[in-house]
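Next up, structure_7.cif (mmCIF, C-alpha atoms and all ligand atoms):
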data_data
#
loop_
_atom_site.label_atom_id
_atom_site.label_comp_id
_atom_site.auth_asym_id
_atom_site.auth_seq_id
_atom_site.Cartn_x
_atom_site.Cartn_y
_atom_site.Cartn_z
CA MET A 26 -39.19 -135.62 -52.77
CA LYS A 27 -41.16 -133.38 -55.08
CA ASN A 28 -42.01 -129.90 -53.90
CA LEU A 29 -45.22 -130.26 -51.94
CA SER A 30 -48.05 -128.02 -53.10
CA TYR A 31 -50.24 -128.65 -50.07
CA LYS A 32 -49.24 -128.07 -46.51
CA ALA A 33 -51.04 -127.73 -43.19
CA LEU A 34 -51.98 -124.11 -42.53
CA LYS A 35 -49.62 -121.99 -40.49
CA GLY A 36 -50.31 -122.50 -36.80
CA THR A 37 -51.99 -125.87 -37.31
CA LYS A 38 -50.45 -129.32 -37.18
CA ASP A 39 -51.12 -132.96 -37.75
CA ILE A 40 -51.00 -135.25 -34.77
CA LEU A 41 -49.45 -138.45 -36.00
CA PRO A 42 -48.58 -141.73 -34.28
CA PRO A 43 -46.88 -142.29 -31.93
CA GLU A 44 -47.91 -138.85 -30.60
CA SER A 45 -51.57 -139.64 -31.23
CA PHE A 46 -51.25 -142.54 -28.76
CA VAL A 47 -50.15 -140.04 -26.17
CA TRP A 48 -53.23 -137.92 -26.84
CA GLN A 49 -55.56 -140.92 -26.60
CA ASN A 50 -53.92 -142.03 -23.43
CA LEU A 51 -54.15 -138.60 -21.78
CA GLU A 52 -57.76 -138.17 -22.87
CA GLU A 53 -58.61 -141.58 -21.47
CA LYS A 54 -57.06 -140.67 -18.13
CA ALA A 55 -58.98 -137.40 -18.08
CA ARG A 56 -62.29 -139.12 -18.87
CA ARG A 57 -61.81 -141.60 -16.06
CA LEU A 58 -60.94 -138.90 -13.58
CA PHE A 59 -63.82 -136.63 -14.57
CA SER A 60 -66.37 -139.47 -14.34
CA HIS A 61 -65.01 -140.27 -10.91
CA TYR A 62 -65.90 -136.76 -9.78
CA GLY A 63 -69.37 -136.84 -11.34
CA TYR A 64 -68.66 -134.85 -14.50
CA GLN A 65 -70.31 -135.68 -17.82
CA GLU A 66 -69.13 -134.94 -21.33
CA ILE A 67 -70.58 -132.18 -23.48
CA ARG A 68 -69.76 -131.79 -27.18
CA THR A 69 -70.66 -128.41 -28.59
CA PRO A 70 -70.31 -127.23 -32.21
CA ILE A 71 -67.02 -125.77 -33.36
CA ILE A 72 -68.81 -122.89 -35.07
CA GLU A 73 -71.03 -120.50 -33.16
CA GLU A 74 -72.54 -117.11 -33.71
CA LEU A 75 -69.88 -114.44 -33.45
CA LYS A 76 -71.91 -112.37 -31.02
CA LEU A 77 -71.84 -115.16 -28.41
CA PHE A 78 -68.12 -114.57 -27.88
CA VAL A 79 -68.26 -110.81 -28.22
CA ARG A 80 -70.85 -110.79 -25.44
CA SER A 81 -69.16 -113.32 -23.15
CA VAL A 82 -65.41 -113.06 -23.64
CA GLY A 83 -65.72 -109.27 -23.92
CA GLU A 84 -65.56 -106.72 -26.70
CA THR A 85 -62.29 -105.19 -25.58
CA THR A 86 -60.37 -108.42 -24.97
CA ASP A 87 -57.47 -109.46 -27.21
CA ILE A 88 -59.40 -112.57 -28.20
CA VAL A 89 -62.33 -110.64 -29.61
CA GLN A 90 -60.37 -107.71 -30.97
CA LYS A 91 -57.52 -109.54 -32.64
CA GLU A 92 -57.71 -113.29 -32.49
CA MET A 93 -61.00 -114.66 -33.72
CA PHE A 94 -61.49 -116.60 -36.92
CA SER A 95 -64.79 -115.09 -37.96
CA PHE A 96 -66.55 -114.91 -41.29
CA LYS A 97 -69.92 -114.36 -42.92
CA ASP A 98 -71.59 -117.54 -44.13
CA ARG A 99 -73.54 -117.67 -47.39
CA GLY A 100 -76.65 -116.55 -45.59
CA GLY A 101 -74.87 -113.43 -44.33
CA ARG A 102 -74.72 -114.67 -40.73
CA GLU A 103 -71.67 -113.76 -38.67
CA ILE A 104 -69.98 -116.98 -37.63
CA CYS A 105 -66.91 -117.68 -35.58
CA LEU A 106 -64.67 -120.67 -34.93
CA ARG A 107 -64.84 -121.02 -31.16
CA PRO A 108 -61.86 -119.40 -29.42
CA GLU A 109 -62.78 -121.17 -26.15
CA ALA A 110 -65.55 -123.43 -24.89
CA THR A 111 -67.03 -121.80 -21.80
CA ALA A 112 -69.44 -119.57 -23.70
CA SER A 113 -70.63 -122.53 -25.78
CA CYS A 114 -71.22 -124.61 -22.64
CA VAL A 115 -73.30 -121.85 -21.09
CA ARG A 116 -75.23 -121.35 -24.34
CA ALA A 117 -75.97 -125.10 -24.52
CA TYR A 118 -76.92 -125.20 -20.83
CA LEU A 119 -79.47 -122.43 -21.32
CA GLU A 120 -80.73 -123.69 -24.67
CA SER A 121 -81.44 -127.12 -23.16
CA ASN A 122 -83.07 -125.66 -20.07
CA LEU A 123 -80.55 -127.23 -17.75
CA SER A 124 -80.62 -124.25 -15.42
CA SER A 125 -83.62 -125.82 -13.70
CA GLU A 126 -81.29 -128.60 -12.49
CA PRO A 127 -79.57 -127.93 -9.17
CA ILE A 128 -76.04 -128.17 -10.57
CA VAL A 129 -74.55 -129.29 -13.87
CA LYS A 130 -71.00 -130.58 -14.24
CA PHE A 131 -69.62 -130.76 -17.77
CA TYR A 132 -66.29 -131.75 -19.21
CA TYR A 133 -65.16 -131.31 -22.79
CA PHE A 134 -62.29 -132.01 -25.18
CA GLY A 135 -61.68 -130.31 -28.45
CA PRO A 136 -60.02 -127.86 -30.78
CA MET A 137 -60.21 -124.10 -30.24
CA PHE A 138 -59.09 -121.41 -32.68
CA ARG A 139 -57.24 -118.16 -32.22
CA ALA A 140 -55.41 -116.18 -34.89
CA GLU A 141 -52.29 -115.53 -32.89
CA ARG A 142 -48.71 -115.34 -34.03
CA PRO A 143 -47.66 -119.00 -34.00
CA GLN A 144 -44.77 -119.85 -31.68
CA LYS A 145 -43.65 -122.75 -29.53
CA GLY A 146 -46.65 -123.94 -27.54
CA ARG A 147 -49.00 -121.56 -29.30
CA TYR A 148 -51.04 -122.73 -32.25
CA ARG A 149 -53.94 -121.26 -34.19
CA GLN A 150 -55.81 -124.52 -33.80
CA PHE A 151 -55.08 -125.78 -30.31
CA HIS A 152 -56.78 -128.29 -28.07
CA GLN A 153 -58.27 -127.95 -24.66
CA ILE A 154 -59.56 -130.24 -21.99
CA GLY A 155 -61.86 -128.40 -19.65
CA VAL A 156 -64.63 -128.56 -17.09
CA GLU A 157 -67.50 -126.23 -16.28
CA VAL A 158 -69.70 -126.42 -13.20
CA LEU A 159 -72.86 -124.45 -13.83
CA GLY A 160 -75.40 -123.26 -11.28
CA ALA A 161 -73.11 -123.29 -8.24
CA ASN A 162 -72.12 -120.51 -5.87
CA SER A 163 -70.32 -122.37 -3.08
CA TYR A 164 -66.58 -121.89 -2.61
CA LEU A 165 -66.46 -125.69 -2.34
CA VAL A 166 -67.12 -125.87 -6.06
CA ASP A 167 -64.15 -123.59 -6.75
CA ALA A 168 -62.15 -125.98 -4.58
CA GLU A 169 -63.43 -129.02 -6.45
CA VAL A 170 -62.53 -127.55 -9.84
CA ILE A 171 -59.04 -126.60 -8.69
CA LEU A 172 -58.60 -130.01 -7.04
CA LEU A 173 -59.68 -131.68 -10.25
CA LEU A 174 -57.13 -129.68 -12.24
CA VAL A 175 -54.36 -130.60 -9.83
CA GLU A 176 -55.36 -134.27 -9.89
CA LEU A 177 -55.50 -134.15 -13.68
CA VAL A 178 -51.94 -132.88 -14.12
CA LYS A 179 -50.78 -135.45 -11.57
CA GLU A 180 -52.48 -138.15 -13.66
CA PHE A 181 -50.47 -136.77 -16.55
CA SER A 182 -47.28 -137.33 -14.51
CA LEU A 183 -46.52 -133.62 -14.43
CA GLU A 184 -44.87 -132.45 -11.28
CA HIS A 185 -43.36 -129.10 -10.39
CA PHE A 186 -46.32 -127.04 -11.40
CA LEU A 187 -47.30 -123.84 -9.71
CA LEU A 188 -50.86 -122.87 -8.83
CA LYS A 189 -51.44 -119.12 -8.79
CA ILE A 190 -54.70 -117.87 -7.45
CA ASN A 191 -56.48 -114.56 -6.99
CA SER A 192 -59.92 -113.04 -6.56
CA LEU A 193 -61.43 -110.21 -8.59
CA GLY A 194 -64.52 -110.01 -6.41
CA CYS A 195 -68.11 -109.51 -7.49
CA THR A 196 -69.33 -107.00 -10.07
CA GLU A 197 -69.23 -104.14 -7.56
CA ASP A 198 -65.71 -105.07 -6.44
CA LYS A 199 -64.53 -105.32 -10.03
CA LYS A 200 -65.93 -101.85 -10.65
CA LYS A 201 -64.10 -100.54 -7.60
CA ILE A 202 -60.86 -102.23 -8.69
CA SER A 203 -61.21 -100.83 -12.21
CA GLU A 204 -61.78 -97.31 -10.93
CA GLU A 205 -58.85 -97.49 -8.58
CA TYR A 206 -56.55 -98.87 -11.29
CA ARG A 207 -57.74 -96.30 -13.80
CA LYS A 208 -56.97 -93.51 -11.38
CA ILE A 209 -53.45 -94.79 -10.81
CA LEU A 210 -52.72 -95.67 -14.43
CA LEU A 211 -54.02 -92.40 -15.86
CA LYS A 212 -51.40 -90.58 -13.80
CA ARG A 213 -48.71 -92.56 -15.63
CA LYS A 214 -50.57 -92.80 -18.87
CA GLU A 215 -47.74 -91.51 -21.07
CA ARG A 216 -45.52 -94.37 -19.88
CA LEU A 217 -47.98 -97.03 -21.08
CA CYS A 218 -48.00 -98.49 -24.59
CA PRO A 219 -50.53 -96.87 -26.99
CA LEU A 220 -52.90 -99.84 -26.74
CA CYS A 221 -52.90 -99.71 -22.95
CA GLN A 222 -53.56 -95.98 -23.04
CA GLU A 223 -56.71 -96.84 -24.91
CA ARG A 224 -57.43 -99.75 -22.55
CA CYS A 225 -57.34 -97.31 -19.62
CA GLU A 226 -60.43 -95.66 -21.06
CA ARG A 227 -62.34 -98.68 -22.32
CA ASN A 228 -61.51 -101.62 -20.05
CA VAL A 229 -58.72 -100.94 -17.64
CA LEU A 230 -58.37 -104.52 -16.35
CA ARG A 231 -57.14 -105.53 -19.79
CA VAL A 232 -54.00 -103.45 -19.17
CA LEU A 233 -52.94 -106.28 -16.88
CA ASP A 234 -52.85 -108.67 -19.87
CA CYS A 235 -50.21 -106.52 -21.61
CA LYS A 236 -46.92 -108.26 -22.30
CA GLU A 237 -44.96 -105.04 -22.97
CA LYS A 238 -42.17 -104.49 -20.51
CA ARG A 239 -42.90 -100.83 -19.88
CA CYS A 240 -46.51 -101.68 -19.03
CA GLN A 241 -45.49 -104.68 -16.90
CA GLU A 242 -43.35 -102.39 -14.73
CA ILE A 243 -46.28 -100.13 -14.01
CA ILE A 244 -48.69 -103.03 -13.48
CA GLY A 245 -46.31 -104.39 -10.86
CA ASP A 246 -46.96 -101.32 -8.71
CA LEU A 247 -50.75 -101.59 -8.72
CA PRO A 248 -52.38 -102.46 -5.39
CA SER A 249 -53.69 -105.96 -4.86
CA THR A 250 -57.24 -106.66 -6.03
CA LEU A 251 -57.74 -108.43 -2.70
CA GLU A 252 -57.59 -105.14 -0.81
CA MET A 253 -60.73 -104.00 -2.59
CA LEU A 254 -63.00 -107.00 -2.04
CA CYS A 255 -66.29 -106.74 -0.16
CA GLU A 256 -66.84 -108.78 2.98
CA ASN A 257 -68.65 -111.64 1.18
CA CYS A 258 -66.03 -111.99 -1.53
CA ARG A 259 -63.24 -111.80 1.01
CA ARG A 260 -64.86 -114.62 2.99
CA HIS A 261 -65.43 -116.72 -0.16
CA PHE A 262 -61.75 -116.39 -1.08
CA GLN A 263 -60.47 -117.11 2.41
CA SER A 264 -62.68 -120.20 2.74
CA LEU A 265 -61.35 -121.44 -0.57
CA LEU A 266 -57.73 -120.92 0.47
CA ASP A 267 -58.39 -122.71 3.76
CA ILE A 268 -59.93 -125.76 2.13
CA LEU A 269 -57.12 -125.91 -0.45
CA SER A 270 -54.68 -126.02 2.45
CA SER A 271 -56.72 -128.82 4.06
CA LEU A 272 -56.40 -130.69 0.76
CA ASN A 273 -52.64 -130.12 0.86
CA ILE A 274 -52.79 -128.22 -2.40
CA LYS A 275 -49.95 -125.72 -2.62
CA TYR A 276 -50.74 -122.33 -4.09
CA THR A 277 -49.45 -118.81 -4.26
CA VAL A 278 -51.75 -115.84 -4.11
CA GLU A 279 -50.91 -113.61 -7.08
CA PRO A 280 -52.80 -110.39 -6.51
CA ARG A 281 -52.58 -109.21 -10.08
CA ILE A 282 -53.78 -112.08 -12.21
CA VAL A 283 -57.03 -111.16 -13.90
CA ARG A 284 -57.03 -113.56 -16.90
CA GLY A 285 -57.66 -112.25 -20.39
CA LEU A 286 -61.43 -112.66 -20.44
CA ASP A 287 -64.07 -110.27 -19.18
CA TYR A 288 -66.45 -112.80 -17.69
CA TYR A 289 -64.39 -113.78 -14.67
CA THR A 290 -65.55 -112.75 -11.21
CA ARG A 291 -64.21 -113.75 -7.80
CA THR A 292 -61.79 -116.70 -8.08
CA VAL A 293 -59.27 -116.78 -10.93
CA PHE A 294 -56.35 -119.18 -11.18
CA GLU A 295 -53.51 -120.34 -13.40
CA LEU A 296 -51.43 -123.46 -13.36
CA THR A 297 -47.96 -122.88 -14.74
CA SER A 298 -44.97 -125.14 -15.36
CA GLU A 299 -41.38 -124.00 -15.49
CA LEU A 300 -40.82 -126.65 -18.18
CA LEU A 301 -42.69 -124.48 -20.66
CA GLY A 302 -40.44 -121.43 -20.90
CA SER A 303 -42.07 -118.11 -21.68
CA GLN A 304 -45.49 -119.56 -22.56
CA ASP A 305 -45.67 -121.19 -19.16
CA ALA A 306 -49.41 -121.60 -18.56
CA LEU A 307 -50.64 -125.18 -18.64
CA ALA A 308 -54.18 -124.35 -17.60
CA ALA A 309 -56.31 -121.51 -16.34
CA GLY A 310 -59.77 -120.94 -15.05
CA GLY A 311 -62.02 -119.21 -12.63
CA ARG A 312 -65.48 -118.30 -11.55
CA TYR A 313 -67.91 -116.47 -13.82
CA ASP A 314 -70.93 -115.56 -11.76
CA ASN A 315 -72.54 -113.19 -14.28
CA LEU A 316 -72.18 -115.08 -17.52
CA ILE A 317 -75.28 -117.27 -17.24
CA GLU A 318 -77.38 -114.19 -16.60
CA ASP A 319 -75.58 -112.13 -19.27
CA LEU A 320 -76.47 -114.77 -21.84
CA GLY A 321 -80.15 -114.59 -20.90
CA GLY A 322 -80.43 -117.09 -18.05
CA PRO A 323 -81.12 -116.84 -14.32
CA SER A 324 -78.62 -115.36 -11.90
CA LEU A 325 -76.50 -118.43 -11.11
CA GLY A 326 -72.80 -118.82 -10.46
CA ALA A 327 -70.39 -121.05 -12.35
CA VAL A 328 -66.74 -122.03 -12.38
CA GLY A 329 -64.42 -123.92 -14.71
CA PHE A 330 -60.95 -124.42 -16.13
CA ALA A 331 -59.34 -125.23 -19.46
CA LEU A 332 -56.04 -127.01 -19.93
CA GLY A 333 -53.93 -126.71 -23.08
CA MET A 334 -53.09 -130.12 -24.51
CA GLU A 335 -50.19 -128.89 -26.65
CA ARG A 336 -48.61 -127.41 -23.53
CA VAL A 337 -49.03 -130.72 -21.69
CA ILE A 338 -47.28 -132.53 -24.54
CA ILE A 339 -44.37 -130.05 -24.47
CA ALA A 340 -44.05 -130.41 -20.70
CA LEU A 341 -44.03 -134.22 -21.00
CA GLU A 342 -41.41 -133.99 -23.73
CA LYS A 343 -39.23 -131.72 -21.61
CA SER A 344 -39.53 -133.96 -18.56
CA GLY A 345 -38.67 -137.06 -20.63
CA LYS A 346 -41.97 -138.70 -19.76
CA LEU A 347 -43.64 -138.65 -23.14
CA ASN A 348 -42.74 -142.29 -23.80
CA GLU A 349 -44.71 -143.43 -20.76
CA PHE A 350 -47.83 -142.53 -22.68
CA VAL A 351 -47.02 -144.23 -25.94
CA GLU A 352 -49.28 -147.24 -26.25
CA LYS A 353 -47.75 -150.68 -26.11
CA PRO A 354 -47.16 -152.10 -29.57
CA LEU A 355 -48.83 -155.02 -31.27
CA GLU A 356 -48.30 -158.45 -29.73
CA VAL A 357 -47.62 -160.28 -32.96
CA PHE A 358 -46.19 -159.45 -36.35
CA LEU A 359 -46.89 -161.92 -39.11
CA ILE A 360 -44.34 -162.58 -41.82
CA THR A 361 -45.42 -164.55 -44.84
CA LEU A 362 -43.44 -165.50 -47.92
CA GLY A 363 -45.21 -166.28 -51.17
CA GLU A 364 -48.75 -165.82 -52.37
CA GLU A 365 -50.20 -168.93 -50.72
CA ALA A 366 -48.58 -168.10 -47.39
CA ASP A 367 -49.91 -164.53 -47.67
CA LYS A 368 -53.43 -165.86 -47.89
CA GLU A 369 -52.94 -168.41 -45.11
CA GLY A 370 -51.42 -165.71 -42.90
CA PHE A 371 -54.16 -163.25 -43.62
CA LEU A 372 -56.79 -165.75 -42.44
CA LEU A 373 -54.71 -166.72 -39.41
CA MET A 374 -54.49 -163.08 -38.36
CA GLU A 375 -58.24 -162.79 -38.16
CA ARG A 376 -58.45 -165.97 -36.03
CA LEU A 377 -55.87 -164.54 -33.62
CA ARG A 378 -57.67 -161.20 -33.41
CA LYS A 379 -60.86 -163.00 -32.47
CA LYS A 380 -58.84 -164.57 -29.63
CA ASP A 381 -58.03 -161.01 -28.48
CA ILE A 382 -54.45 -161.03 -29.73
CA SER A 383 -53.35 -157.90 -31.58
CA VAL A 384 -51.59 -158.70 -34.82
CA ASP A 385 -50.62 -157.13 -38.10
CA MET A 386 -48.75 -158.34 -41.16
CA ASP A 387 -46.47 -156.88 -43.80
CA TYR A 388 -48.21 -156.78 -47.16
CA SER A 389 -45.20 -155.41 -48.99
CA GLY A 390 -43.90 -158.63 -50.57
CA LYS A 391 -40.38 -157.80 -49.39
CA SER A 392 -37.76 -160.32 -48.26
CA LEU A 393 -37.78 -162.20 -44.93
CA LYS A 394 -34.86 -160.08 -43.79
CA ALA A 395 -36.60 -156.80 -44.58
CA LYS A 396 -39.74 -157.93 -42.80
CA MET A 397 -37.81 -159.09 -39.73
CA ARG A 398 -36.13 -155.71 -39.59
CA ARG A 399 -39.52 -154.04 -39.60
CA ALA A 400 -40.82 -156.27 -36.75
CA ASP A 401 -37.73 -155.34 -34.78
CA LYS A 402 -38.22 -151.64 -35.42
CA LEU A 403 -41.86 -151.84 -34.36
CA LYS A 404 -40.68 -153.46 -31.09
CA ILE A 405 -43.15 -156.30 -31.47
CA ARG A 406 -42.51 -159.22 -29.12
CA PHE A 407 -43.59 -162.17 -31.29
CA VAL A 408 -43.19 -162.92 -34.96
CA ILE A 409 -45.01 -165.72 -36.73
CA ILE A 410 -43.31 -166.84 -39.92
CA ILE A 411 -45.07 -168.77 -42.65
CA GLY A 412 -42.89 -169.70 -45.65
CA GLU A 413 -43.31 -172.33 -48.33
CA ASP A 414 -41.78 -175.05 -46.18
CA GLU A 415 -44.06 -174.31 -43.22
CA LEU A 416 -47.03 -174.23 -45.52
CA LYS A 417 -46.19 -177.67 -46.88
CA LYS A 418 -45.73 -179.14 -43.40
CA GLY A 419 -48.83 -177.48 -41.97
CA ARG A 420 -47.07 -175.50 -39.23
CA TYR A 421 -45.91 -172.05 -38.24
CA ILE A 422 -42.71 -170.70 -36.75
CA LEU A 423 -43.27 -168.66 -33.60
CA ARG A 424 -40.29 -166.51 -32.72
CA ASP A 425 -39.84 -164.62 -29.47
CA MET A 426 -37.97 -161.50 -30.54
CA GLN A 427 -36.86 -160.78 -26.99
CA SER A 428 -35.11 -164.10 -26.30
CA GLY A 429 -34.48 -165.10 -29.91
CA TYR A 430 -36.06 -168.47 -29.07
CA GLN A 431 -38.26 -170.00 -31.76
CA GLU A 432 -40.40 -173.11 -32.14
CA MET A 433 -42.68 -174.87 -34.57
CA ILE A 434 -46.36 -174.94 -33.81
CA ASN A 435 -48.82 -177.11 -35.65
CA LYS A 436 -51.31 -175.00 -37.57
CA GLU A 437 -54.20 -176.98 -36.11
CA ASP A 438 -53.10 -176.07 -32.59
CA LEU A 439 -54.35 -172.47 -32.41
CA GLU A 440 -54.86 -172.77 -28.65
CA LYS A 441 -51.21 -173.58 -28.08
CA LEU A 442 -50.15 -170.68 -30.29
CA CYS A 443 -52.33 -168.28 -28.32
CA LYS A 444 -51.06 -169.59 -24.97
CA LYS A 445 -47.44 -169.11 -26.02
CA ILE A 446 -48.14 -165.56 -27.09
CA ARG A 447 -49.93 -164.79 -23.86
CA GLY A 448 -47.03 -166.29 -21.93
CA GLU A 449 -49.14 -169.08 -20.43
CA GLN A 450 -47.84 -172.63 -20.00
CA GLY A 451 -48.92 -175.02 -22.69
ZN ZN B 501 -67.82 -108.69 -3.59
ZN ZN B 502 -49.40 -102.18 -22.75
#

Please express the file's structure as structure tokens.
Amino acid sequence: MKNLSYKALKGTKDILPPESFVWQNLEEKARRLFSHYGYQEIRTPIIEELKLFVRSVGETTDIVQKEMFSFKDRGGREICLRPEATASCVRAYLESNLSSEPIVKFYYFGPMFRAERPQKGRYRQFHQIGVEVLGANSYLVDAEVILLLVELVKEFSLEHFLLKINSLGCTEDKKKISEEYRKILLKRKERLCPLCQERCERNVLRVLDCKEKRCQEIIGDLPSTLEMLCENCRRHFQSLLDILSSLNIKYTVEPRIVRGLDYYTRTVFELTSELLGSQDALAAGGRYDNLIEDLGGPSLGAVGFALGMERVIIALEKSGKLNEFVEKPLEVFLITLGEEADKEGFLLMERLRKKDISVDMDYSGKSLKAKMRRADKLKIRFVIIIGEDELKKGRYILRDMQSGYQEMINKEDLEKLCKKIRGEQG
């Protein structure tokens, strides 16, 4: 092959068949499940104003400080490729005046963009499936969103996942937690990495996102956020845990997960899979009770999650289940020999498709043997052969590739041909 001058950008990839079948299949399962729970799809633009994410995700988060694809457009506006979808959903919700509705339940699919160092399971363009419930304060909604996530990964045939859950409390609690953590961390400041030393001053909760070992050791000694919750937040969290137990959903309380975004309040959770190695998060989410108000709306609570599709694919690969999601192949492969037969076959194909039989043919003009090999490789059950002899006699050969059995079928008898392919008597 010649040296290729054009390649997909670093951290992006093409999704080709048969993997694209897997994606379609998973998306279809997700759509069905979400509809079942009363969620409706939202499609927001991929580009947004930069300030939307600075305001919502948080100025001092890694996403905003290091990972956004942002640029000035020709009109001098600051634009950003969305790094996540929650802020866009809230923006759309407010812009369309949906906050007057009692509760809004969205789901979405789509690409997100973060300029991270590409590694296994981490891309610069990656894809999320997510839900957002807007205008809801009840702990039952937290439970529904977590339940939905668990049901979703079960639909995807993923077992052995771990649900980790925590609460950061309300704004006041978060303030209390931050102050307490700052006090403790400042005493050991010189042992933290330079970035975390800075984080201690600006946004101490972000220290907990740090991957550096020396910081992780210190983080491990911090007191649980749960000890600092007010009575209401404590009750909200306990009610949630109780109902999760009633639903037989297994979880572990991880008192130091905070998630890498500023907007979370109260419930935060992560779903991890040991199949994924070091990048083990399949999905994450939580409650964000201030975001609607922060973006100019009324004071209403909300909760959601996002699941990483690339991670799901890796987990399916690792568990050997990826093939379950590859779509079944065509029912019929048509092999024609000679120009006249090509034409005859081409017209026959369209008649079969109208009878709801999926069929394709080989246009290459190669030999019968080469075409048979291709049908075999494509794992197609039936082959119809039309050569010069068949053409002359007005009939087709139908061959069952599984049994090797073949028979002649009169070209006028389309019904019989269809019945044979469908496995009906006839
Ligand atoms: Zn509270
Ligand atoms: Zn650090």

Give me the chain A side of the contact with ligand ZN 501 (chain B), cut-off 6 Å, one line per residue showing its nearest atom pair and distance in Å at one decimal, counting only C-alpha atoms and all ligand atoms, sorted by chain and residue number, as JSON lines.
{"residue": "A:Gly194", "atom": "CA", "partner": "B:ZN501", "partner_atom": "ZN", "distance": 4.5}
{"residue": "A:Cys195", "atom": "CA", "partner": "B:ZN501", "partner_atom": "ZN", "distance": 4.0}
{"residue": "A:Asp198", "atom": "CA", "partner": "B:ZN501", "partner_atom": "ZN", "distance": 5.1}
{"residue": "A:Leu254", "atom": "CA", "partner": "B:ZN501", "partner_atom": "ZN", "distance": 5.3}
{"residue": "A:Cys255", "atom": "CA", "partner": "B:ZN501", "partner_atom": "ZN", "distance": 4.2}
{"residue": "A:Asn257", "atom": "CA", "partner": "B:ZN501", "partner_atom": "ZN", "distance": 5.7}
{"residue": "A:Cys258", "atom": "CA", "partner": "B:ZN501", "partner_atom": "ZN", "distance": 4.3}

With 5 Å of padding per side, what axis-aligned box (centre and edge lengths, Å, one decimal) covers all the listed atoms of range 205-223 of chain A? Give it as JSON.
{"center_x": -52.2, "center_y": -95.2, "center_z": -17.8, "size_x": 23.3, "size_y": 19.3, "size_z": 28.4}

### Task
Find the residues near ligand ZN 502 (chain B). Use a cut-off of 9 Å, count all atoms listed in the file, and write them as number ranges by chain.
A: 217-222, 224, 231-241

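Between CA of Pro136 in chain A and CA of Arg107 in chain A the separation is 8.4 Å.
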
### Message
Just the number, please: distance in Å from CA of Thr361 in chain A to CA of Ile410 in chain A, one decimal.
### Response
5.8 Å

### Task
Using CA of Ala161 in chain A and CA of Glu84 in chain A as the two end points, give the distance in Å to one decimal.
25.9 Å

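The residue that comes closest to Phe371 in chain A, out of A:Leu296, A:Ile190, A:Leu341, A:Ile409 and on the basis of all atoms listed in the file, is A:Ile409.
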
So that I can see what lies close to Asn315 in chain A, please list as a CSV table (one decimal) with C-alpha atoms, in the coordinates of the input the residues with an atom at most 10 Å from it, counting only C-alpha atoms and leaving out residues fewer than 6 positions away in the same chain.
chain,number,residue,atom,x,y,z
A,81,SER,CA,-69.2,-113.3,-23.2
A,195,CYS,CA,-68.1,-109.5,-7.5
A,196,THR,CA,-69.3,-107.0,-10.1
A,288,TYR,CA,-66.4,-112.8,-17.7
A,289,TYR,CA,-64.4,-113.8,-14.7
A,290,THR,CA,-65.6,-112.8,-11.2
A,322,GLY,CA,-80.4,-117.1,-18.0
A,323,PRO,CA,-81.1,-116.8,-14.3
A,324,SER,CA,-78.6,-115.4,-11.9
A,325,LEU,CA,-76.5,-118.4,-11.1
A,326,GLY,CA,-72.8,-118.8,-10.5
A,327,ALA,CA,-70.4,-121.0,-12.4

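Using only C-alpha atoms, the nearest neighbour of Asp314 in chain A within the list A:Asp287, A:Asp414, A:Glu356, A:Glu120 is A:Asp287.
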
Written record: range 101-110 of chain A, N, CA and C atoms, as a PDB file, in the first residue's frame:
ATOM      1  N   GLY A 101     -15.506  35.954  16.112  1.00  0.00           N
ATOM      2  CA  GLY A 101     -14.821  36.269  17.365  1.00  0.00           C
ATOM      3  C   GLY A 101     -15.491  35.681  18.595  1.00  0.00           C
ATOM      4  N   ARG A 102     -16.508  34.811  18.392  1.00  0.00           N
ATOM      5  CA  ARG A 102     -17.182  34.198  19.535  1.00  0.00           C
ATOM      6  C   ARG A 102     -16.366  33.021  20.062  1.00  0.00           C
ATOM      7  N   GLU A 103     -16.374  32.838  21.358  1.00  0.00           N
ATOM      8  CA  GLU A 103     -15.638  31.711  21.941  1.00  0.00           C
ATOM      9  C   GLU A 103     -16.525  30.484  21.965  1.00  0.00           C
ATOM     10  N   ILE A 104     -16.099  29.478  21.218  1.00  0.00           N
ATOM     11  CA  ILE A 104     -16.888  28.269  20.990  1.00  0.00           C
ATOM     12  C   ILE A 104     -16.129  27.085  21.579  1.00  0.00           C
ATOM     13  N   CYS A 105     -16.899  26.041  21.886  1.00  0.00           N
ATOM     14  CA  CYS A 105     -16.261  24.859  22.441  1.00  0.00           C
ATOM     15  C   CYS A 105     -16.972  23.614  21.937  1.00  0.00           C
ATOM     16  N   LEU A 106     -16.205  22.568  21.627  1.00  0.00           N
ATOM     17  CA  LEU A 106     -16.822  21.271  21.353  1.00  0.00           C
ATOM     18  C   LEU A 106     -17.237  20.712  22.708  1.00  0.00           C
ATOM     19  N   ARG A 107     -18.456  20.268  22.828  1.00  0.00           N
ATOM     20  CA  ARG A 107     -18.951  19.891  24.157  1.00  0.00           C
ATOM     21  C   ARG A 107     -18.103  18.794  24.804  1.00  0.00           C
ATOM     22  N   PRO A 108     -17.651  19.008  26.033  1.00  0.00           N
ATOM     23  CA  PRO A 108     -16.900  17.958  26.726  1.00  0.00           C
ATOM     24  C   PRO A 108     -17.827  16.985  27.449  1.00  0.00           C
ATOM     25  N   GLU A 109     -19.099  17.342  27.573  1.00  0.00           N
ATOM     26  CA  GLU A 109     -20.107  16.511  28.235  1.00  0.00           C
ATOM     27  C   GLU A 109     -21.462  17.087  27.854  1.00  0.00           C
ATOM     28  N   ALA A 110     -22.545  16.431  28.223  1.00  0.00           N
ATOM     29  CA  ALA A 110     -23.843  16.871  27.711  1.00  0.00           C
ATOM     30  C   ALA A 110     -24.772  17.478  28.763  1.00  0.00           C
TER      31      ALA A 110
END
